[in-house]
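Q: File follows, target.txt with compact mmCIF, C-alpha atoms and all ligand atoms:
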```txt
# COMPACT_ATOMS: atom_id res chain seq x y z
CA MET O 146 10.52 -11.09 -12.72
CA PRO O 147 12.49 -12.74 -9.91
CA GLU O 148 11.81 -11.64 -6.38
CA ILE O 149 14.47 -10.13 -4.16
CA ASP O 150 14.87 -10.55 -0.44
CA THR O 151 12.65 -8.44 1.76
CA PRO O 152 14.49 -5.13 2.36
CA PRO O 153 15.43 -4.39 5.98
CA HIS O 154 12.76 -1.75 6.57
CA ALA O 155 9.96 -3.58 4.83
CA THR O 156 7.15 -5.77 6.00
CA GLN O 157 7.26 -9.33 4.74
CA THR O 158 5.77 -8.57 1.34
CA PRO O 159 8.10 -9.88 -1.39
CA GLN O 160 9.52 -7.28 -3.72
CA THR O 161 9.47 -7.56 -7.51
CA ILE O 162 11.28 -4.27 -8.18
CA ARG O 163 15.04 -4.61 -8.49
CA THR O 164 16.22 -1.52 -10.33
CA VAL O 165 15.17 2.02 -9.48
CA GLY O 166 15.71 4.81 -11.99
CA ILE O 167 15.84 8.34 -10.62
CA LEU O 168 15.54 11.28 -12.99
CA GLY O 169 17.00 14.28 -11.19
CA ALA O 170 20.19 14.17 -9.15
CA GLY O 171 19.43 17.08 -6.87
CA LYS O 172 18.22 17.21 -3.27
CA VAL O 173 15.31 14.79 -3.57
CA GLY O 174 16.88 12.55 -6.19
CA THR O 175 20.02 11.88 -4.19
CA VAL O 176 18.12 11.36 -0.92
CA LEU O 177 15.80 8.84 -2.58
CA ALA O 178 18.82 7.18 -4.18
CA ARG O 179 20.35 6.71 -0.72
CA LEU O 180 17.12 5.30 0.68
CA ALA O 181 16.71 2.92 -2.25
CA LEU O 182 20.31 1.74 -1.96
CA ALA O 183 19.84 1.15 1.76
CA ALA O 184 16.76 -0.92 0.95
CA GLY O 185 18.81 -3.12 -1.35
CA TYR O 186 17.80 -1.85 -4.77
CA GLU O 187 20.07 -1.19 -7.71
CA VAL O 188 19.89 2.55 -8.44
CA LEU O 189 20.43 4.40 -11.72
CA ILE O 190 20.38 8.19 -11.47
CA ALA O 191 20.49 10.94 -14.07
CA SER O 192 20.30 14.67 -14.61
CA SER O 193 20.06 16.52 -17.91
CA ARG O 194 23.84 16.63 -18.09
CA PRO O 195 26.23 13.87 -19.17
CA PRO O 196 26.76 11.15 -16.52
CA ALA O 197 30.37 12.25 -15.93
CA ALA O 198 29.10 15.66 -14.80
CA ILE O 199 27.21 14.14 -11.86
CA ALA O 200 29.45 11.15 -11.15
CA LEU O 201 31.31 12.76 -8.24
CA THR O 202 28.12 14.11 -6.66
CA VAL O 203 26.50 10.70 -6.96
CA ASP O 204 29.54 8.95 -5.55
CA VAL O 205 29.55 11.24 -2.50
CA LEU O 206 25.81 11.57 -1.88
CA ALA O 207 24.54 8.20 -3.10
CA HIS O 208 27.54 5.90 -3.10
CA GLY O 209 26.74 2.78 -5.06
CA ALA O 210 24.26 4.40 -7.44
CA LEU O 211 25.18 4.47 -11.10
CA ALA O 212 25.20 7.84 -12.88
CA THR O 213 23.78 7.52 -16.35
CA THR O 214 21.59 9.39 -18.82
CA ALA O 215 17.88 9.96 -18.21
CA PRO O 216 16.80 7.78 -21.17
CA ASP O 217 19.07 4.96 -20.02
CA ALA O 218 17.85 5.13 -16.41
CA ALA O 219 14.26 5.13 -17.63
CA ALA O 220 14.79 2.26 -20.03
CA ARG O 221 16.59 -0.04 -17.58
CA ALA O 222 14.60 0.59 -14.41
CA ASP O 223 11.64 -1.37 -13.04
CA ILE O 224 10.35 1.80 -11.41
CA VAL O 225 11.25 5.38 -12.29
CA ILE O 226 11.16 8.33 -9.90
CA LEU O 227 10.63 11.77 -11.41
CA ALA O 228 12.63 14.25 -9.32
CA ILE O 229 13.24 17.14 -11.67
CA PRO O 230 11.77 20.66 -11.57
CA LEU O 231 8.11 20.33 -12.58
CA GLY O 232 8.45 23.04 -15.22
CA LYS O 233 10.80 20.74 -17.14
CA TYR O 234 8.43 17.77 -17.33
CA GLN O 235 8.24 17.99 -21.11
CA SER O 236 11.92 17.06 -21.29
CA LEU O 237 11.23 13.64 -19.74
CA PRO O 238 12.15 10.67 -21.97
CA VAL O 239 8.65 9.73 -23.12
CA ASP O 240 9.66 6.74 -25.26
CA GLU O 241 11.80 5.08 -22.60
CA LEU O 242 9.10 5.67 -19.98
CA ARG O 243 6.46 3.93 -22.08
CA GLY O 244 4.84 1.16 -20.01
CA LYS O 245 6.95 2.01 -16.95
CA LEU O 246 5.74 2.42 -13.42
CA VAL O 247 6.55 6.03 -12.55
CA ILE O 248 6.45 7.92 -9.26
CA ASP O 249 5.94 11.65 -9.64
CA THR O 250 7.58 13.52 -6.76
CA MET O 251 7.41 16.87 -8.55
CA ASN O 252 5.80 19.96 -7.07
CA TYR O 253 5.04 23.34 -8.56
CA TRP O 254 7.49 25.83 -7.10
CA TRP O 255 7.02 29.18 -8.80
CA GLU O 256 10.44 30.44 -7.78
CA VAL O 257 11.93 27.58 -9.83
CA ASP O 258 9.27 26.93 -12.42
CA GLY O 259 8.10 30.48 -13.11
CA ILE O 260 4.49 31.65 -12.96
CA ARG O 261 2.38 28.90 -14.55
CA SER O 262 -1.41 29.11 -14.57
CA ASP O 263 -1.66 25.48 -15.74
CA PHE O 264 0.07 24.29 -12.56
CA THR O 265 -2.31 26.25 -10.32
CA ASP O 266 -5.56 25.25 -12.00
CA PRO O 267 -7.75 24.11 -9.06
CA ASP O 268 -9.49 21.56 -11.28
CA THR O 269 -6.36 19.72 -12.40
CA THR O 270 -3.52 18.35 -10.30
CA THR O 271 -0.02 18.70 -11.67
CA SER O 272 0.30 14.91 -11.74
CA GLU O 273 -2.66 14.73 -14.11
CA ILE O 274 -0.80 17.12 -16.41
CA VAL O 275 2.36 15.01 -16.26
CA ALA O 276 0.34 11.80 -16.67
CA ALA O 277 -1.31 13.23 -19.80
CA PHE O 278 2.15 13.96 -21.20
CA LEU O 279 3.41 10.47 -20.26
CA SER O 280 0.17 8.91 -21.43
CA ASP O 281 1.67 5.44 -21.90
CA SER O 282 3.34 5.33 -18.48
CA ARG O 283 1.79 4.06 -15.25
CA MET O 284 1.77 7.13 -13.04
CA VAL O 285 1.53 7.25 -9.26
CA LYS O 286 2.06 10.47 -7.31
CA GLY O 287 4.01 10.15 -4.11
CA LEU O 288 7.14 10.93 -2.07
CA ASN O 289 6.44 14.61 -2.77
CA HIS O 290 4.78 16.01 0.35
CA MET O 291 7.73 15.46 2.67
CA GLY O 292 10.78 17.73 2.56
CA TYR O 293 14.04 16.10 1.56
CA HIS O 294 15.60 16.43 5.03
CA ASP O 295 12.62 14.63 6.54
CA LEU O 296 12.74 11.95 3.86
CA ASP O 297 16.42 11.48 4.62
CA GLU O 298 15.86 11.10 8.36
CA GLY O 299 12.49 9.36 8.16
CA PRO O 300 13.00 5.67 7.39
CA ARG O 301 11.94 3.31 10.17
CA ARG O 302 11.26 -0.38 10.34
CA ALA O 303 7.68 -1.52 9.88
CA GLY O 304 5.83 -1.41 13.19
CA ASP O 305 8.07 1.27 14.72
CA PRO O 306 5.65 3.76 16.36
CA ARG O 307 7.80 6.62 15.03
CA ARG O 308 7.34 5.47 11.43
CA LYS O 309 6.09 8.23 9.11
CA GLY O 310 3.47 7.97 6.38
CA ILE O 311 3.78 8.74 2.69
CA ALA O 312 0.58 9.52 0.80
CA ILE O 313 0.19 8.17 -2.71
CA VAL O 314 -2.47 8.69 -5.38
CA GLY O 315 -2.95 7.06 -8.75
CA GLY O 316 -5.46 5.60 -11.13
CA ASP O 317 -4.51 1.93 -11.09
CA ALA O 318 -4.87 -0.18 -7.95
CA SER O 319 -2.13 -2.70 -8.79
CA ASP O 320 0.35 0.07 -9.67
CA LYS O 321 -0.41 1.73 -6.34
CA GLU O 322 0.10 -1.59 -4.54
CA GLU O 323 3.51 -1.91 -6.14
CA VAL O 324 4.42 1.65 -5.20
CA ALA O 325 3.09 1.04 -1.69
CA ARG O 326 5.45 -1.95 -1.33
CA PHE O 327 8.30 0.24 -2.56
CA VAL O 328 7.44 3.04 -0.10
CA ASP O 329 7.28 0.45 2.68
CA ALA O 330 10.67 -0.91 1.63
CA LEU O 331 12.14 2.60 1.86
CA GLY O 332 10.93 2.77 5.46
CA PHE O 333 7.56 4.57 5.38
CA ASP O 334 3.91 3.58 5.73
CA PRO O 335 2.10 4.13 2.41
CA VAL O 336 -1.33 5.77 2.53
CA ASP O 337 -3.55 5.44 -0.55
CA LEU O 338 -5.61 8.61 -0.96
CA GLY O 339 -7.30 7.81 -4.28
CA ASP O 340 -6.84 8.91 -7.88
CA LEU O 341 -4.42 11.43 -9.33
CA ALA O 342 -7.31 13.91 -9.28
CA ASP O 343 -7.49 13.47 -5.49
CA GLY O 344 -3.90 14.60 -5.08
CA GLY O 345 -4.63 18.26 -4.32
CA PRO O 346 -3.86 17.88 -0.59
CA LEU O 347 -0.36 16.63 -1.48
CA GLN O 348 0.50 19.69 -3.55
CA PRO O 349 2.01 22.99 -2.31
CA GLY O 350 -0.76 24.79 -0.42
CA GLY O 351 -2.55 21.51 0.29
CA ALA O 352 -3.30 20.16 3.76
CA LEU O 353 -0.60 17.51 3.54
CA PHE O 354 2.13 19.51 1.89
CA GLY O 355 5.22 19.39 4.11
CA ALA O 356 3.66 16.66 6.25
CA ASN O 357 6.15 14.59 8.23
CA ILE O 358 3.58 12.64 10.21
CA SER O 359 2.28 9.12 10.72
CA ALA O 360 -0.07 7.30 8.37
CA ALA O 361 -2.93 7.73 10.86
CA GLU O 362 -2.24 11.46 11.08
CA ILE O 363 -2.22 11.68 7.27
CA ARG O 364 -5.67 10.08 7.13
CA SER O 365 -7.09 12.32 9.85
CA THR O 366 -5.56 15.45 8.28
CA VAL O 367 -7.25 14.67 4.96
CA GLU O 368 -10.57 13.89 6.68
CA ASP O 369 -10.41 17.14 8.68
CA ALA O 370 -9.59 19.15 5.55
CA ALA O 371 -12.55 17.60 3.70
CA ALA O 372 -15.01 18.13 6.57
N1 LIG O 401 13.37 19.89 -2.11
C1 LIG O 401 12.40 19.19 -1.49
O1 LIG O 401 12.39 19.08 -0.24
C2 LIG O 401 11.36 18.46 -2.30
C3 LIG O 401 10.52 17.53 -1.66
C4 LIG O 401 9.62 16.81 -2.41
C5 LIG O 401 9.52 17.02 -3.78
N2 LIG O 401 10.32 17.95 -4.39
C6 LIG O 401 10.21 18.11 -5.85
O2 LIG O 401 11.22 17.27 -6.43
C7 LIG O 401 11.72 17.87 -7.62
C8 LIG O 401 13.22 18.06 -7.48
O3 LIG O 401 13.45 18.95 -6.39
P1 LIG O 401 14.89 19.16 -5.81
O4 LIG O 401 14.71 19.99 -4.59
O5 LIG O 401 15.62 17.87 -5.74
O6 LIG O 401 15.54 20.06 -6.97
P2 LIG O 401 17.08 20.25 -7.32
O7 LIG O 401 17.90 20.04 -6.11
O8 LIG O 401 17.15 21.54 -8.05
O9 LIG O 401 17.38 19.05 -8.33
C9 LIG O 401 16.79 18.96 -9.58
C10 LIG O 401 17.59 17.96 -10.39
O10 LIG O 401 16.92 17.73 -11.63
C11 LIG O 401 17.90 17.75 -12.66
N3 LIG O 401 17.24 18.04 -13.92
C12 LIG O 401 16.75 19.21 -14.38
N4 LIG O 401 16.16 19.02 -15.56
C13 LIG O 401 16.30 17.72 -15.87
C14 LIG O 401 15.90 16.92 -16.94
N5 LIG O 401 15.24 17.45 -17.97
N6 LIG O 401 16.19 15.59 -16.92
C15 LIG O 401 16.86 15.05 -15.89
N7 LIG O 401 17.26 15.77 -14.82
C16 LIG O 401 16.98 17.09 -14.82
C17 LIG O 401 18.89 18.82 -12.18
O11 LIG O 401 20.14 18.72 -12.78
P3 LIG O 401 20.54 19.52 -14.13
O12 LIG O 401 19.86 20.87 -14.08
O13 LIG O 401 22.01 19.58 -14.06
O14 LIG O 401 20.03 18.66 -15.21
C18 LIG O 401 18.99 18.40 -10.72
O15 LIG O 401 19.88 17.31 -10.59
C19 LIG O 401 10.97 19.20 -7.79
O16 LIG O 401 9.88 19.01 -8.66
C20 LIG O 401 10.48 19.50 -6.38
O17 LIG O 401 9.33 20.29 -6.36
C21 LIG O 401 11.24 18.67 -3.68
```
Using structure tokens, write down the structure that the file contains.
Ligand SMILES: NC(=O)c1ccc[n+]([C@@H]2O[C@H](COP(=O)([O-])OP(=O)(O)OC[C@H]3O[C@@H](n4cnc5c(N)ncnc54)[C@H](OP(=O)(O)O)[C@@H]3O)[C@@H](O)[C@H]2O)c1
A:
Amino acid sequence: MPEIDTPPHATQTPQTIRTVGILGAGKVGTVLARLALAAGYEVLIASSRPPAAIALTVDVLAHGALATTAPDAAARADIVILAIPLGKYQSLPVDELRGKLVIDTMNYWWEVDGIRSDFTDPDTTTSEIVAAFLSDSRMVKGLNHMGYHDLDEGPRRAGDPRRKGIAIVGGDASDKEEVARFVDALGFDPVDLGDLADGGPLQPGGALFGANISAAEIRSTVEDAAA
């Protein structure tokens, strides 16, 4: 895959991702679309409705992104961001996501998702559940612990002392490296916290949930919580 120029917020690591697919055109989806556009990526965004139903919203909130269907966004993207209500994960386009690098931003929110004992099982993170469903995709959890307002206002150039951290977890080191480069390109310092099973602190109720702090503070928060 050809490389693209280093995005303005990024360190000097070359990027191999060109097209970002975002499933979910709500608060998080449109914020991440804006950040990805600002970083120089092509952005495809979808909801469960026909593209025409979100075209105006996308034009206003993420001008330059292309509204399409979820299967089309998944099929054409180099990296796909899941930004739909967690309770709807079984409606994700499994076939088109096969082999794709996927970032799971989804959190269990009972007011939206209903009471779900599977999503509150202390032995299984929700990303493990989604990864089992998308068993042929390359899943990394991330961009989920920060509220959408903070994500929107957060991007900073690499080296800026005000730069915030984004924790990621996943099972494959090279997939996490690719997601880390993407997070960096959006304007945040990536912090690798381990496997999907280690993602508890990122979930609602976890020590990092809601965190809008630096990478160093993310590491110390997790260490303190584990002590
Ligand atoms: N809000 C936050 O600050 C925040 C921060 C981090 C992570 N998150 C997580 O990010 C996810 C999205 O949150 P949000 O606040 O952006 O919710 P939201 O504003 O309600 O947006 C959800 C979007 O998903 C779409 N959608 C629903 N089902 C879909 C499907 N099957 N396929 C494609 N699109 C679908 C919805 O559109 P239609 O219903 O029209 O299809 C809507 O565009 C949630 O899992 C949430 O926990 C939220």
Q: Skip region 304-321 of chain O itself and residues of its chain fewer than 2 positions away, then list as a PDB file with C-alpha atoms, keeping the file's coordinate frame all residues within 8 Å of it, counting only C-alpha atoms.
A:
```pdb
ATOM      1  CA  LEU O 246       5.740   2.420 -13.420  1.00  0.00           C
ATOM      2  CA  ARG O 283       1.790   4.060 -15.250  1.00  0.00           C
ATOM      3  CA  MET O 284       1.770   7.130 -13.040  1.00  0.00           C
ATOM      4  CA  VAL O 285       1.530   7.250  -9.260  1.00  0.00           C
ATOM      5  CA  LYS O 286       2.060  10.470  -7.310  1.00  0.00           C
ATOM      6  CA  GLY O 287       4.010  10.150  -4.110  1.00  0.00           C
ATOM      7  CA  LEU O 288       7.140  10.930  -2.070  1.00  0.00           C
ATOM      8  CA  HIS O 290       4.780  16.010   0.350  1.00  0.00           C
ATOM      9  CA  MET O 291       7.730  15.460   2.670  1.00  0.00           C
ATOM     10  CA  GLY O 299      12.490   9.360   8.160  1.00  0.00           C
ATOM     11  CA  PRO O 300      13.000   5.670   7.390  1.00  0.00           C
ATOM     12  CA  ARG O 301      11.940   3.310  10.170  1.00  0.00           C
ATOM     13  CA  ARG O 302      11.260  -0.380  10.340  1.00  0.00           C
ATOM     14  CA  GLU O 323       3.510  -1.910  -6.140  1.00  0.00           C
ATOM     15  CA  VAL O 324       4.420   1.650  -5.200  1.00  0.00           C
ATOM     16  CA  ALA O 325       3.090   1.040  -1.690  1.00  0.00           C
ATOM     17  CA  VAL O 328       7.440   3.040  -0.100  1.00  0.00           C
ATOM     18  CA  GLY O 332      10.930   2.770   5.460  1.00  0.00           C
ATOM     19  CA  PHE O 333       7.560   4.570   5.380  1.00  0.00           C
ATOM     20  CA  ASP O 334       3.910   3.580   5.730  1.00  0.00           C
ATOM     21  CA  PRO O 335       2.100   4.130   2.410  1.00  0.00           C
ATOM     22  CA  VAL O 336      -1.330   5.770   2.530  1.00  0.00           C
ATOM     23  CA  ASP O 337      -3.550   5.440  -0.550  1.00  0.00           C
ATOM     24  CA  LEU O 338      -5.610   8.610  -0.960  1.00  0.00           C
ATOM     25  CA  GLY O 339      -7.300   7.810  -4.280  1.00  0.00           C
ATOM     26  CA  ASP O 340      -6.840   8.910  -7.880  1.00  0.00           C
ATOM     27  CA  LEU O 341      -4.420  11.430  -9.330  1.00  0.00           C
ATOM     28  CA  ASP O 343      -7.490  13.470  -5.490  1.00  0.00           C
ATOM     29  CA  GLY O 344      -3.900  14.600  -5.080  1.00  0.00           C
ATOM     30  CA  LEU O 347      -0.360  16.630  -1.480  1.00  0.00           C
ATOM     31  CA  ASN O 357       6.150  14.590   8.230  1.00  0.00           C
ATOM     32  CA  ILE O 358       3.580  12.640  10.210  1.00  0.00           C
ATOM     33  CA  SER O 359       2.280   9.120  10.720  1.00  0.00           C
ATOM     34  CA  ALA O 360      -0.070   7.300   8.370  1.00  0.00           C
ATOM     35  CA  ALA O 361      -2.930   7.730  10.860  1.00  0.00           C
ATOM     36  CA  ILE O 363      -2.220  11.680   7.270  1.00  0.00           C
TER      37      ILE O 363
END
```
Q: Please identify all polymer residues within 10 Å of Leu231 (chain O), counting all atoms listed in the file, omitting same-chain residues fewer than 5 positions from it, and present them as a list in words.
A: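 Once the nearby chain positions are removed, what remains is Asp249, Thr250, Met251, Asn252, Tyr253, Trp254, Trp255, Val257, Asp258, Phe264, Thr271, Ser272 and Val275 of chain O.
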Q: Counting only C-alpha atoms and all ligand atoms, name the residues that have an atom within 8 Å of an atom of ligand LIG 401 (chain O); the answer should be given as an NGL selection string.
A: :O and (168-175 or 191-194 or 199 or 214-215 or 227-237 or 250-254 or 288-294)
Q: So, with all atoms listed in the file as the atoms that count, which of O:Arg179, O:Pro196, O:Glu187, O:Asp240 lies closest to Ser282 (chain O)?
A: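 Going through O:Arg179, O:Pro196, O:Glu187, O:Asp240 one by one, the smallest distance to Ser282 (chain O) is for O:Asp240.
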Q: What's the separation between CA of Leu182 (chain O) and CA of Asp297 (chain O), in Å to one decimal place?
A: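 Separation between CA of Leu182 (chain O) and CA of Asp297 (chain O): 12.4 Å.
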Q: Can you tell me how far CA of Leu211 (chain O) sits from CA of Ile226 (chain O), in Å to one decimal?
A: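 Value for the CA of Leu211 (chain O)-CA of Ile226 (chain O) distance: 14.6 Å.
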Q: Can you measure CA of Ala352 (chain O) to CA of Asp266 (chain O) for me? One decimal in Å is fine.
A: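 Between CA of Ala352 (chain O) and CA of Asp266 (chain O) the gap is 16.7 Å.
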Q: So which residues touch Ala222 (chain O) within 8 Å, counting only C-alpha atoms, skipping near sequence neighbours fewer than 6 positions away, as a CSV table (one decimal) with C-alpha atoms, in the frame of the given file?
A:
```
chain,number,residue,atom,x,y,z
O,163,ARG,CA,15.0,-4.6,-8.5
O,164,THR,CA,16.2,-1.5,-10.3
O,165,VAL,CA,15.2,2.0,-9.5
O,166,GLY,CA,15.7,4.8,-12.0
O,189,LEU,CA,20.4,4.4,-11.7
```
Q: Have a look at O:Ile248, O:Ile224, O:Ile274, O:Ala303 and name the one nearest to Val188 (chain O); count all atoms listed in the file.
A: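 Ranking O:Ile248, O:Ile224, O:Ile274, O:Ala303 by distance to Val188 (chain O), first place goes to O:Ile224.
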Q: Would you pick out the contacts of Asp268 (chain O) at 10 Å or less, using only C-alpha atoms, so that residues sharing its chain but fewer than 4 positions from it are not included, and give the list as a ChimeraX atom specification?
A: /O:263,342,345
Q: In terms of the shortest atom-to-atom distance over all atoms listed in the file, which of O:Val203, O:Ala210, O:Val239, O:Ala277 is closest to Ala181 (chain O)?
A: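 For Ala181 (chain O), the nearest of the candidates is O:Ala210.
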